[in-house]
Amino acid sequence: MTIRFDNRVAIVTGAGGGLGRAYALALAERGAKVLVNDLGGARDGSGSSLSAAQAVVDEIVAAGGEAMANGASVTDAVAVEKMVAFVKERWGRIDVLINNAGILRDKTFAKMSLDDFRQVVDVHLMGSVTCTKAVWETMREQAFGRILMTTSSSGLYGNFGQANYGAAKLGLVGLMKTLSLEGAKYNVRCNTIAPVAATRMTEDLMPPEMLAKMGAETVMPAALFLVSNDAPSNAIVNAGAGGFERAYVTLTRGIHVDHADMTPENIAARWDEISDRNGEIVPDTGAAQGMMALGGMR
């Protein structure tokens, strides 16, 4: 079955280039009306310009689609609310939100200023919170919504020199997991993509021969599936260079001991047993994990 977005309205942040541009073009090609949001700043978040977003809109319109450009910073709640209100006034609804906007300020933690840390968290994590909050009630009221967060291997597994980026990106996984629960009864589904792609964010992090295999178009298929009518919810999907994998936050079977054995020495002695991944599980909720701990999992 062909995945289409006819009569759907989508907002894509950071869509002036790279992944966001690929998402916006593909959504429009498949029938969506698209709000192309991009601050138009440098990779570290400085500066602004609407030209990048408008160029993508021009591409969509030239191909027969419908789109609008917007230059709001995702960290500016008032500007984001105005953006959302404008989309609703123009097109009547909002069905899809792809939180893609981001910046990089890579340094080792020893050399990283608190401002470098805070700015990256503000854009990636709080920017996604701000945009999601702005569309949340609309999606609940219309009983339809598809929200995509953008995490990273840096958040899921760590990367040298990216403490700020990794912290923000794993925070988005936690946000997605809770929103997928809270949105379920309203048919609002929330997922997370972990892209590996050749963009200006990664152009100096990988060798050219590797980047050549990692165009934004290699991530786009997973992103569009995760915001489609039949999308799952609470999924983390790694995508890029032709590879598509699903990531999980797992829990080992561990041990369950009586009060007398609750000592650091016993933890040390049984560390290998606690760490054994045979039979590991994926709890449905944090509360479920808590109940497992209370009752013992073995």
# chains A, B, ... in the order shown; residues from 1 in each chain; ligands from 1

$ select_by_dssp --residues "segment 64-116 of chain A" --states "alpha helix (DSSP H)" --output "ChimeraX atom specification"
/A:77-91,114-116

$ residues_around --residues "Ile98 of chain A" --least-positions-apart "2" --cutoff "7 Å" --atoms "only C-alpha atoms" --output "mmCIF file with N, CA and C atoms, in the first residue's frame"
data_model
loop_
_atom_site.group_PDB
_atom_site.id
_atom_site.type_symbol
_atom_site.label_atom_id
_atom_site.label_comp_id
_atom_site.auth_asym_id
_atom_site.auth_seq_id
_atom_site.Cartn_x
_atom_site.Cartn_y
_atom_site.Cartn_z
ATOM 1 N N ILE A 11 4.185 20.164 9.801
ATOM 2 C CA ILE A 11 5.191 21.153 10.165
ATOM 3 C C ILE A 11 6.515 20.419 10.312
ATOM 4 N N VAL A 12 7.534 20.902 9.628
ATOM 5 C CA VAL A 12 8.871 20.320 9.748
ATOM 6 C C VAL A 12 9.821 21.430 10.174
ATOM 7 N N THR A 13 10.471 21.263 11.323
ATOM 8 C CA THR A 13 11.417 22.272 11.790
ATOM 9 C C THR A 13 12.815 21.953 11.271
ATOM 10 N N VAL A 96 0.888 16.467 11.387
ATOM 11 C CA VAL A 96 2.242 15.924 11.519
ATOM 12 C C VAL A 96 3.172 17.015 12.021
ATOM 13 N N ASN A 100 12.956 18.501 13.966
ATOM 14 C CA ASN A 100 14.242 18.203 13.343
ATOM 15 C C ASN A 100 15.304 19.269 13.599
ATOM 16 N N ILE A 147 3.803 12.679 15.708
ATOM 17 C CA ILE A 147 4.923 13.506 16.140
ATOM 18 C C ILE A 147 6.200 12.687 16.059
ATOM 19 N N LEU A 148 7.226 13.264 15.459
ATOM 20 C CA LEU A 148 8.516 12.593 15.342
ATOM 21 C C LEU A 148 9.590 13.432 16.013
ATOM 22 N N MET A 149 10.251 12.841 17.004
ATOM 23 C CA MET A 149 11.415 13.447 17.638
ATOM 24 C C MET A 149 12.668 12.974 16.914
#

$ closest_residue --among "A:Leu175, A:Leu224, A:Asn164, A:Asn229" --to "Asn187 of chain A" --atoms "only C-alpha atoms"
A:Asn229

$ residues_around --residues "Val257 of chain A" --least-positions-apart "4" --cutoff "10 Å" --atoms "only C-alpha atoms" --output "list in words"
Asp261, Met262, Thr263, Asn266 and Gly296 of chain A

$ write_last_selection --atoms "N, CA and C atoms" --output "mmCIF file, in the first residue's frame"
data_model
loop_
_atom_site.group_PDB
_atom_site.id
_atom_site.type_symbol
_atom_site.label_atom_id
_atom_site.label_comp_id
_atom_site.auth_asym_id
_atom_site.auth_seq_id
_atom_site.Cartn_x
_atom_site.Cartn_y
_atom_site.Cartn_z
ATOM 1 N N ASP A 261 20.636 -9.191 52.413
ATOM 2 C CA ASP A 261 21.646 -9.290 51.352
ATOM 3 C C ASP A 261 21.780 -8.014 50.526
ATOM 4 N N MET A 262 21.107 -6.944 50.942
ATOM 5 C CA MET A 262 21.171 -5.680 50.209
ATOM 6 C C MET A 262 22.395 -4.882 50.643
ATOM 7 N N THR A 263 23.569 -5.359 50.184
ATOM 8 C CA THR A 263 24.839 -4.712 50.522
ATOM 9 C C THR A 263 25.613 -4.417 49.255
ATOM 10 N N ASN A 266 27.470 -7.453 48.071
ATOM 11 C CA ASN A 266 26.700 -8.445 47.322
ATOM 12 C C ASN A 266 26.478 -7.999 45.883
ATOM 13 N N GLY A 296 10.141 -8.753 42.118
ATOM 14 C CA GLY A 296 11.183 -9.643 41.650
ATOM 15 C C GLY A 296 10.863 -10.120 40.252
#

$ closest_residue --among "A:Asp276, A:Ile3, A:Val135, A:Ala15" --to "Ala32 of chain A" --atoms "only C-alpha atoms"
A:Ile3

$ atom_distance --atom1 "atom CA of Ala269 of chain A" --atom2 "atom CA of Asp284 of chain A"
29.8 Å

$ residues_around --residues "Val120 of chain A" --least-positions-apart "4" --cutoff "12 Å" --atoms "only C-alpha atoms" --output "PyMOL selection string"
chain A and resi 43-46+74-75+101-107+112-116+124-128+162-169+171

$ closest_residue --among "A:Thr192, A:Leu179, A:Val36, A:Phe244" --to "Arg21 of chain A" --atoms "only C-alpha atoms"
A:Val36
